[in-house]
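Colleague: Take this structure, written in structure tokens, and hold onto it; I'll ask about it next.
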Amino acid sequence: MEMLLEGFGTALTPTNLLYAVLGVLLGTAVGVLPGIGPAMTVALLLPVTYNVSPSSALILFAGIYYGGMYGGSTTSILLNTPGESSSVITALEGNKMAKAGRAAQALATAAIGSFVAGTIGTVLLVVLAPRVADVVVTLGAPSYFALMALALFAVTAVLGASKLRGFISLFLGLAIALVGTTTGQPRLTFGRPELADGIDVVVVAVAIFAIGEALWVAAHLRRRPLEVIPVGQPWMNREDWSRSWKPWLRGTAYGFPFGALPAGGAETPTLLSYITEKKLSKRPEEFGKGAIEGVAGPEAANNASAAGTLMSLLAIGLPTTATATIILLAMQSYGIQPGPQLFDAEPELVWGLLASLFVANTLLLVVNLPLAPVWARLLQIPRPYLYAGILFFASLGAYSVNFDAFDLGLLLVFGLLGLTMRRFGLPVLPLIIGVILGPRLETTLAEALAISQGDLSTLVGEPVAVVVYIVMALLLVGSIVGPRLRRTAPAHEDEEEKVDVR
Amino acid sequence: MTTTNDTPTQARPQVDRAQYGLSGFLAVVGAYVVIEAVGLAPGFADQSVQPDAFPYVVGTALLVLSVLLAVATARGDVAEAEGGEDVDLGQGSDWITVAKLTGVFLVAVVTIAWLGWAIVGAFLFAASARILGSRRLVLDVIVGIALALLTWYGFYVGLGIPIPAGILDGVL
């Protein structure tokens with residue numbers, strides 16, 4: 001508690017407050033803007049880490065992360081084309097509400113629900129993260145190796161529609177991670193001295209997220225502008241409040257644990273929340289026509305999951321979403337190793353960051369409720385300028401790493417890879433996490449085997465490691481058997497809610 | 001867990017042949033990684049994980065995945081292309097625009113050391129905007145120059161990072 005108060009001391013200095021404001025404004029803006037999300041924005045802003053203090057930069061990035069979750073809901077509700085996968089479910093009821101003239105109420109329940117969930121989630125984060133870190137810090141290299149393998153496996157096999165594509169993406173990432181001379185020998189450097197230090201992850205991240213996306217959109221740019229539903233001041237009446245508060249709490253209960261798990265993400269909890277609200281609703285007939293519960297629950301779930309994601313990032317050092325991955329990258333560029341030691345090694349930084357999450361959340365509510373119509377106007381930005389701007393800032397970000405044209409060339413190559421991945425439905429996240437965790441996987445394994453003097457059985461020599469491998473096996477079995485069972489038991493078909501996204 | 005995808009918008013009658021290309025790409029990358037692993041000099045005796053261990057695993061996995069993808073493709077597996085707010089998958093892909101943008105980018109790669117960021121950045125923005133459908137050339141160029149100069153001075157003054165100025169060295 002004392003630590004948290006000291007954290008507020010860090011977060012509320014004028015400079016850091018300014019970065020928090022900047023973060024939430026930018027985050028909301030990019031959440032609203034099509035084609036650009038919080039992960040890409042943080043990736044594009046990585047150059048600021050060269051000259052801004054670590055706590056300010058992380059406060060900025062956390063503000064963008066939370067803000068992106070808010071902004072994403074605005075597009076889902078007003079456009080029916082969710083930009084972030086976390087707000088896909090919001091669009092189901094949110095857009096129907098907007099079409100029925102209740103856009104203001106949908107935006108209000110989304111914003112207030114996000115605030116409630118974000119605050120509860122951050123409280124849970126503050127309470128739980130140090131305790132989890134205390135446990136994790138006692139784990140040896142074998143257990144840590146197992147946890148990393150679990151994170152890679154879960155992100156690859158559990159999320160996403162196609163496991164085959166997930167693994168393709170993961171191993172491409174691991175192959176990129178091999179480049180360099182960390183083991184003493186040049187591996188995959190093609191004899192280029194520029195590659196001796198490995199491929200800069202910043203360049204890969206910016207290329208895959210920004211260039212890949214911009215090129216993909218360029219190939220499919222809508223000829224007709226989208227129809228934006230006009231909106232006034234968000235507000236809710238008494239009935240809306242009484243229909244919203246329970247879904248907010250239930251959504252939070254789904255979101256936080258799923259975010260904190262290595263298989264995190266916001267997709268599963270938002271879907272579960274939607275199904276739950278539909279089942280529990282007193283007016284199930286309104287679902288599909290714009291039920292406020294269907295907006296309140298999932299919106300709370302996705303913000304709570306953002307808080308949960310930060311738990312596994314800060315306490316274990318494992319990123320589970322794209323934005324968390326880039327934040328980890330930013331920490332590494334400061335020479336800060338995220339993980340259980342973080343709470344002891346960098347208390348000022350961590351507690352300042354945690355305190356700033358409360359600040360960001362409150363700012364977001366203040367910024368979003370009155371300004372919703374202004375944000376909606378961002379959707380009118382001319383598309384050529386938006387995507388030319390993304391290409392421009394991506395180039396600047398990659399060039400500023402070393403001021404070397406070679407990096408721009410790499411940016412183009414990986415940008416084309418990003419384009420290819422989108423064409424073939426390869427998920428982006430496993431690749432990025434593979435690039436980041438690949439080298440750590442190798443050093444942790446080397447560490448474990450050095451202690452055991454090459455005895456492989458050390459890998460299952462710790463109880464935590466054994467449990468983690470069992471969990472992985474269960475996940476594997478579940479993900480193979482689950483869909484089969486569903487297919488062979490059509491009687492249960494109506495148990496499964498069929499959700500039509502489009 | 002339910003899947004949220006519905007049926008593909010256009011039912012393709014035959015296999016997605018382009019996926020064989022992806023499969024081939026994976027095979028090439030996998031083979032290259034394995035060959036590289038074979039040619040690696042042995043590591044130090046005290047290295048508990050030899051430098052070629054990971055490349056062998058990754059390369060082999062890529063080769064296996066390449067085969068699996070080829071098999072899946074032959075059995076009618078179709079990629080689910082990524083959607084988005086500004087993405088219209090109902091029409092075909094406009095690869096000419098992508099090729100033009102790639103060309104602009106290549107020009108930037110080749111000229112940046114000589115011309116510097118201020119000029120190349122402005123060109124990158126204006127040319128990309130034009131290719132993406134903007135029809136106000138003068139405005140595009142003005143916005144491009146403004147952005148390039150702002151970021152150059154922003155890095156120089158704000159972050160203390162002098163981006164090489166190229167031929168404008170001394171002018172900026």
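Residues in the structure tokens are named by chain (A, B, ... in the order shown) and by number from 1 within that chain; ligands are numbered from 1 in the order shown.
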Give one line per residue of chain B that approaches chain A to at most 7 Å, naming the two atoms of the closest pair and their distance in Å to one decimal, counting only C-alpha atoms; sort by chain then ascending residue number and deliver it as a tab-separated table.

Modeller:
```
residue	atom	partner	partner_atom	distance
B:Thr2	CA	A:Glu496	CA	6.7
B:Thr4	CA	A:Val499	CA	5.8
B:Asn5	CA	A:Val501	CA	6.9
B:Asp6	CA	A:Asp500	CA	6.3
B:Glu36	CA	A:Leu188	CA	6.8
B:Ser48	CA	A:Ala450	CA	5.3
B:Val49	CA	A:Ala446	CA	5.2
B:Pro51	CA	A:Thr183	CA	5.9
B:Val58	CA	A:Phe171	CA	6.2
B:Leu62	CA	A:Phe171	CA	6.4
B:Leu65	CA	A:Ile168	CA	6.3
B:Ala79	CA	A:Phe424	CA	5.1
B:Glu80	CA	A:Gly425	CA	5.0
B:Ala81	CA	A:Gly425	CA	4.8
B:Glu82	CA	A:Arg422	CA	5.5
B:Gly84	CA	A:Gly83	CA	5.5
B:Glu85	CA	A:Thr81	CA	5.1
B:Asp86	CA	A:Arg222	CA	5.8
B:Val87	CA	A:His220	CA	5.3
B:Asp88	CA	A:Arg222	CA	5.2
B:Leu89	CA	A:His220	CA	6.4
B:Ser93	CA	A:Ala219	CA	5.3
B:Asp94	CA	A:Ala219	CA	4.4
B:Trp95	CA	A:Ala219	CA	5.8
B:Thr97	CA	A:Ala219	CA	6.3
B:Val98	CA	A:Leu215	CA	5.9
B:Val109	CA	A:Ala405	CA	5.5
B:Ile112	CA	A:Ala405	CA	6.5
B:Ala113	CA	A:Ala405	CA	6.6
B:Gly121	CA	A:Phe392	CA	6.5
B:Leu124	CA	A:Phe392	CA	6.4
B:Phe125	CA	A:Ala388	CA	5.3
B:Ser128	CA	A:Ala388	CA	5.2
B:Ala129	CA	A:Pro384	CA	4.7
B:Leu132	CA	A:Pro384	CA	5.0
B:Gly133	CA	A:Pro384	CA	6.0
B:Ser134	CA	A:Pro384	CA	5.7
B:Leu159	CA	A:Asn51	CA	5.4
```

Colleague: Could the residues in this selection be saved with C-alpha atoms as a tab-separated table (two decimals), in the first residue's frame?

Modeller:
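Just written: result.tsv:
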```tsv
chain	number	residue	atom	x	y	z
B	2	THR	CA	-17.24	-21.35	-30.29
B	4	THR	CA	-16.67	-16.61	-34.43
B	5	ASN	CA	-16.06	-17.06	-38.10
B	6	ASP	CA	-18.94	-17.57	-40.44
B	36	GLU	CA	23.02	-23.50	-42.04
B	48	SER	CA	25.39	-26.81	-22.66
B	49	VAL	CA	23.20	-26.13	-25.70
B	51	PRO	CA	24.64	-23.53	-31.36
B	58	VAL	CA	13.28	-24.77	-36.01
B	62	LEU	CA	9.33	-25.49	-40.75
B	65	LEU	CA	4.75	-27.48	-41.39
B	79	ALA	CA	-7.14	-19.20	-45.72
B	80	GLU	CA	-9.32	-16.78	-43.86
B	81	ALA	CA	-7.93	-13.44	-44.96
B	82	GLU	CA	-7.80	-10.75	-42.35
B	84	GLY	CA	-10.59	-4.64	-40.94
B	85	GLU	CA	-12.45	-1.35	-40.93
B	86	ASP	CA	-11.08	-0.21	-44.25
B	87	VAL	CA	-10.69	-3.64	-45.78
B	88	ASP	CA	-13.17	-4.71	-48.40
B	89	LEU	CA	-12.65	-8.41	-49.06
B	93	SER	CA	-6.97	-7.81	-54.40
B	94	ASP	CA	-5.37	-4.78	-55.98
B	95	TRP	CA	-1.76	-5.93	-56.20
B	97	THR	CA	-1.17	-0.57	-55.79
B	98	VAL	CA	0.98	-2.75	-53.54
B	109	VAL	CA	15.84	2.78	-49.34
B	112	ILE	CA	17.99	7.93	-48.04
B	113	ALA	CA	21.72	8.01	-47.34
B	121	GLY	CA	10.29	11.34	-45.95
B	124	LEU	CA	7.49	8.85	-49.25
B	125	PHE	CA	4.38	10.52	-47.86
B	128	SER	CA	2.14	7.01	-51.10
B	129	ALA	CA	-0.84	9.34	-50.65
B	132	LEU	CA	-3.56	5.46	-52.45
B	133	GLY	CA	-5.93	7.72	-54.32
B	134	SER	CA	-5.32	11.30	-53.18
B	159	LEU	CA	14.69	13.81	-28.43
```

Colleague: Extract, using only C-alpha atoms, all DNA, RNA and protein residues at most 8 Å from Ile327 of chain A, discarding same-chain residues fewer than 5 positions from it, and format them as a PDB file with C-alpha atoms, in the first residue's frame.

Modeller:
```
ATOM      1  CA  VAL A  42       3.471   1.670 -29.301  1.00  0.00           C
ATOM      2  CA  LEU A  58       5.927   3.121 -19.769  1.00  0.00           C
ATOM      3  CA  PHE A  61       2.513   3.164 -23.360  1.00  0.00           C
TER       4      PHE A  61
END
```

Colleague: Using only C-alpha atoms, which protein or nucleic acid residues come within 12 Å of Ile432 of chain A? Drop anything in the same chain fewer than 3 positions from it, and give the result as a PDB file with C-alpha atoms, in the first residue's frame.

Modeller:
```
ATOM      1  CA  ALA A  39       0.260  -2.381 -30.659  1.00  0.00           C
ATOM      2  CA  ALA A  43       5.770   0.072 -31.887  1.00  0.00           C
ATOM      3  CA  LEU A 152       4.325 -19.857 -26.830  1.00  0.00           C
ATOM      4  CA  VAL A 155      -0.736 -18.203 -27.873  1.00  0.00           C
ATOM      5  CA  THR A 156      -0.168 -20.392 -30.907  1.00  0.00           C
ATOM      6  CA  GLY A 166      -0.428 -20.484 -35.677  1.00  0.00           C
ATOM      7  CA  SER A 169       3.764 -18.149 -37.742  1.00  0.00           C
ATOM      8  CA  LEU A 170       5.484 -19.163 -34.499  1.00  0.00           C
ATOM      9  CA  PHE A 171       8.306 -21.038 -36.201  1.00  0.00           C
ATOM     10  CA  LEU A 172       8.873 -18.248 -38.714  1.00  0.00           C
ATOM     11  CA  GLY A 173       9.291 -15.995 -35.681  1.00  0.00           C
ATOM     12  CA  LEU A 174      11.702 -18.425 -34.037  1.00  0.00           C
ATOM     13  CA  ALA A 175      13.706 -18.606 -37.270  1.00  0.00           C
ATOM     14  CA  ILE A 176      13.969 -14.793 -37.328  1.00  0.00           C
ATOM     15  CA  ALA A 177      15.110 -14.952 -33.702  1.00  0.00           C
ATOM     16  CA  ASP A 200      16.295  -5.497 -34.435  1.00  0.00           C
ATOM     17  CA  VAL A 201      12.940  -6.552 -33.012  1.00  0.00           C
ATOM     18  CA  VAL A 202      11.714  -2.976 -33.368  1.00  0.00           C
ATOM     19  CA  VAL A 203      12.148  -3.240 -37.121  1.00  0.00           C
ATOM     20  CA  VAL A 204      10.332  -6.585 -37.255  1.00  0.00           C
ATOM     21  CA  ALA A 205       7.467  -5.351 -35.084  1.00  0.00           C
ATOM     22  CA  VAL A 206       6.997  -2.090 -36.992  1.00  0.00           C
ATOM     23  CA  ALA A 207       7.202  -3.926 -40.308  1.00  0.00           C
ATOM     24  CA  ILE A 208       4.736  -6.667 -39.452  1.00  0.00           C
ATOM     25  CA  PHE A 209       2.224  -4.431 -37.684  1.00  0.00           C
ATOM     26  CA  PRO A 319       3.718 -11.134 -22.789  1.00  0.00           C
ATOM     27  CA  THR A 320       0.428 -12.588 -24.021  1.00  0.00           C
ATOM     28  CA  THR A 321      -0.924  -9.886 -26.309  1.00  0.00           C
ATOM     29  CA  ALA A 322       0.616  -7.886 -29.101  1.00  0.00           C
ATOM     30  CA  THR A 323       0.660  -4.621 -27.148  1.00  0.00           C
ATOM     31  CA  ALA A 324       2.148  -6.287 -24.063  1.00  0.00           C
ATOM     32  CA  THR A 325       4.854  -7.732 -26.309  1.00  0.00           C
ATOM     33  CA  ILE A 326       5.847  -4.317 -27.591  1.00  0.00           C
ATOM     34  CA  LEU A 328       8.201  -5.669 -23.079  1.00  0.00           C
ATOM     35  CA  LEU A 329      10.380  -4.669 -25.992  1.00  0.00           C
ATOM     36  CA  PHE A 414       9.294  -7.941 -43.323  1.00  0.00           C
ATOM     37  CA  GLY A 418       3.353  -9.132 -42.959  1.00  0.00           C
ATOM     38  CA  LEU A 426      -1.391 -16.355 -40.550  1.00  0.00           C
ATOM     39  CA  PRO A 427      -1.800 -14.778 -37.105  1.00  0.00           C
ATOM     40  CA  VAL A 428       0.729 -12.037 -36.330  1.00  0.00           C
ATOM     41  CA  LEU A 429       1.024 -12.527 -32.577  1.00  0.00           C
ATOM     42  CA  VAL A 435      10.964 -13.400 -32.158  1.00  0.00           C
ATOM     43  CA  ILE A 436      11.043 -12.011 -28.626  1.00  0.00           C
ATOM     44  CA  LEU A 437      10.973 -15.226 -26.609  1.00  0.00           C
ATOM     45  CA  GLY A 438      13.161 -17.299 -28.954  1.00  0.00           C
TER      46      GLY A 438
END
```

Colleague: Please identify all polymer residues within 12 Å of segment 128-136 of chain A, counting only C-alpha atoms, omitting same-chain residues fewer than 6 positions from it, and present them as number ranges by chain.

Modeller: A: 1, 3-4, 121-122, 143-144, 147, 256-257, 260, 307-318, 338-345, 347, 350-351, 354, 464-465

Colleague: Which residues are close to Phe25 of chain B, i.e. within 10 Å by only C-alpha atoms, leaving aside same-chain residues fewer than 4 positions away? Reply as a ChimeraX atom specification.

Modeller: /B:19-21,29-31,62-63,66

Colleague: How far is it from atom CA of Pro373 of chain A to atom CA of Val231 of chain A, in Å with one decimal?

Modeller: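 Atom CA of Val231 of chain A lies 6.0 Å from atom CA of Pro373 of chain A.
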
Colleague: With only C-alpha atoms as the counted atoms, please give the residues lying no more than 7 Å from Ala37 of chain B, apart from itself and same-chain residues fewer than 6 positions off, as a PyMOL selection string.

Modeller: chain B and resi 52+55-56

Colleague: Let's see if you can do this: from backbone DSSP, list all alpha helix (DSSP H) residues in segment 225-323 of chain A, as a ChimeraX atom specification.

Modeller: /A:238-260,267-280,293-311,322-323

Colleague: Could you please take those selected residues and save C-alpha atoms as a PDB file, in the first residue's frame?

Modeller:
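Once everything was written out, this is selection-v2.pdb:
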```
ATOM      1  CA  ARG A 238     -31.919   4.768 -14.683  1.00  0.00           C
ATOM      2  CA  GLU A 239     -33.020   1.638 -16.506  1.00  0.00           C
ATOM      3  CA  ASP A 240     -29.814   1.470 -18.536  1.00  0.00           C
ATOM      4  CA  TRP A 241     -27.793   1.694 -15.336  1.00  0.00           C
ATOM      5  CA  SER A 242     -29.734  -1.086 -13.649  1.00  0.00           C
ATOM      6  CA  ARG A 243     -29.328  -3.287 -16.711  1.00  0.00           C
ATOM      7  CA  SER A 244     -25.614  -2.548 -17.007  1.00  0.00           C
ATOM      8  CA  TRP A 245     -23.989  -2.882 -13.624  1.00  0.00           C
ATOM      9  CA  LYS A 246     -24.240  -6.647 -13.251  1.00  0.00           C
ATOM     10  CA  PRO A 247     -22.862  -7.352 -16.729  1.00  0.00           C
ATOM     11  CA  TRP A 248     -19.972  -4.991 -15.942  1.00  0.00           C
ATOM     12  CA  LEU A 249     -19.044  -7.014 -12.875  1.00  0.00           C
ATOM     13  CA  ARG A 250     -19.488 -10.383 -14.560  1.00  0.00           C
ATOM     14  CA  GLY A 251     -17.465  -9.195 -17.550  1.00  0.00           C
ATOM     15  CA  THR A 252     -14.673  -8.144 -15.213  1.00  0.00           C
ATOM     16  CA  ALA A 253     -14.734 -11.560 -13.562  1.00  0.00           C
ATOM     17  CA  TYR A 254     -14.240 -13.202 -16.953  1.00  0.00           C
ATOM     18  CA  GLY A 255     -11.740 -10.718 -18.311  1.00  0.00           C
ATOM     19  CA  PHE A 256      -9.094 -10.496 -15.623  1.00  0.00           C
ATOM     20  CA  PRO A 257      -8.229 -14.203 -15.210  1.00  0.00           C
ATOM     21  CA  PHE A 258      -8.210 -14.814 -18.957  1.00  0.00           C
ATOM     22  CA  GLY A 259      -5.953 -11.832 -19.492  1.00  0.00           C
ATOM     23  CA  ALA A 260      -3.571 -13.046 -16.804  1.00  0.00           C
ATOM     24  CA  GLU A 267     -11.416 -12.739 -27.449  1.00  0.00           C
ATOM     25  CA  THR A 268     -12.439 -15.644 -25.209  1.00  0.00           C
ATOM     26  CA  PRO A 269     -13.636 -13.640 -22.188  1.00  0.00           C
ATOM     27  CA  THR A 270     -15.625 -11.190 -24.328  1.00  0.00           C
ATOM     28  CA  LEU A 271     -17.358 -14.081 -26.054  1.00  0.00           C
ATOM     29  CA  LEU A 272     -18.038 -15.873 -22.751  1.00  0.00           C
ATOM     30  CA  SER A 273     -19.386 -12.672 -21.278  1.00  0.00           C
ATOM     31  CA  TYR A 274     -21.733 -12.196 -24.234  1.00  0.00           C
ATOM     32  CA  ILE A 275     -23.055 -15.745 -23.971  1.00  0.00           C
ATOM     33  CA  THR A 276     -23.547 -15.399 -20.230  1.00  0.00           C
ATOM     34  CA  GLU A 277     -25.459 -12.143 -20.545  1.00  0.00           C
ATOM     35  CA  LYS A 278     -27.675 -13.611 -23.218  1.00  0.00           C
ATOM     36  CA  LYS A 279     -28.497 -16.570 -20.983  1.00  0.00           C
ATOM     37  CA  LEU A 280     -29.110 -14.521 -17.854  1.00  0.00           C
ATOM     38  CA  GLU A 293     -26.212  -6.033 -21.590  1.00  0.00           C
ATOM     39  CA  GLY A 294     -24.444  -7.364 -24.693  1.00  0.00           C
ATOM     40  CA  VAL A 295     -22.359  -4.195 -24.837  1.00  0.00           C
ATOM     41  CA  ALA A 296     -21.781  -3.721 -21.117  1.00  0.00           C
ATOM     42  CA  GLY A 297     -20.437  -7.216 -20.391  1.00  0.00           C
ATOM     43  CA  PRO A 298     -17.938  -7.670 -23.237  1.00  0.00           C
ATOM     44  CA  GLU A 299     -16.654  -4.105 -22.923  1.00  0.00           C
ATOM     45  CA  ALA A 300     -15.934  -4.668 -19.227  1.00  0.00           C
ATOM     46  CA  ALA A 301     -14.338  -8.015 -20.070  1.00  0.00           C
ATOM     47  CA  ASN A 302     -11.881  -6.594 -22.589  1.00  0.00           C
ATOM     48  CA  ASN A 303     -10.670  -3.851 -20.262  1.00  0.00           C
ATOM     49  CA  ALA A 304     -10.293  -6.226 -17.330  1.00  0.00           C
ATOM     50  CA  SER A 305      -8.312  -8.564 -19.560  1.00  0.00           C
ATOM     51  CA  ALA A 306      -5.940  -5.707 -20.410  1.00  0.00           C
ATOM     52  CA  ALA A 307      -5.194  -5.383 -16.696  1.00  0.00           C
ATOM     53  CA  GLY A 308      -4.748  -9.140 -16.443  1.00  0.00           C
ATOM     54  CA  THR A 309      -2.299  -9.116 -19.338  1.00  0.00           C
ATOM     55  CA  LEU A 310      -0.104  -6.663 -17.464  1.00  0.00           C
ATOM     56  CA  MET A 311      -0.032  -9.097 -14.564  1.00  0.00           C
ATOM     57  CA  ALA A 322       0.616  -7.886 -29.101  1.00  0.00           C
ATOM     58  CA  THR A 323       0.660  -4.621 -27.148  1.00  0.00           C
TER      59      THR A 323
END
```

Colleague: Could you give me, as a Markdown table, a per-residue list for segment 37-154 of chain B showing, wherever an atom lies at most 6 Å from an atom of segment 163-169 of chain B, the closest pair of atoms and their distance in Å to one decimal, using only C-alpha atoms and sorting by chain then residue number from low to high?

Modeller:
```
| residue | atom | partner | partner_atom | distance |
| --- | --- | --- | --- | --- |
| B:Trp114 | CA | B:Gly166 | CA | 5.2 |
| B:Leu115 | CA | B:Gly166 | CA | 4.7 |
| B:Gly116 | CA | B:Gly166 | CA | 3.8 |
```
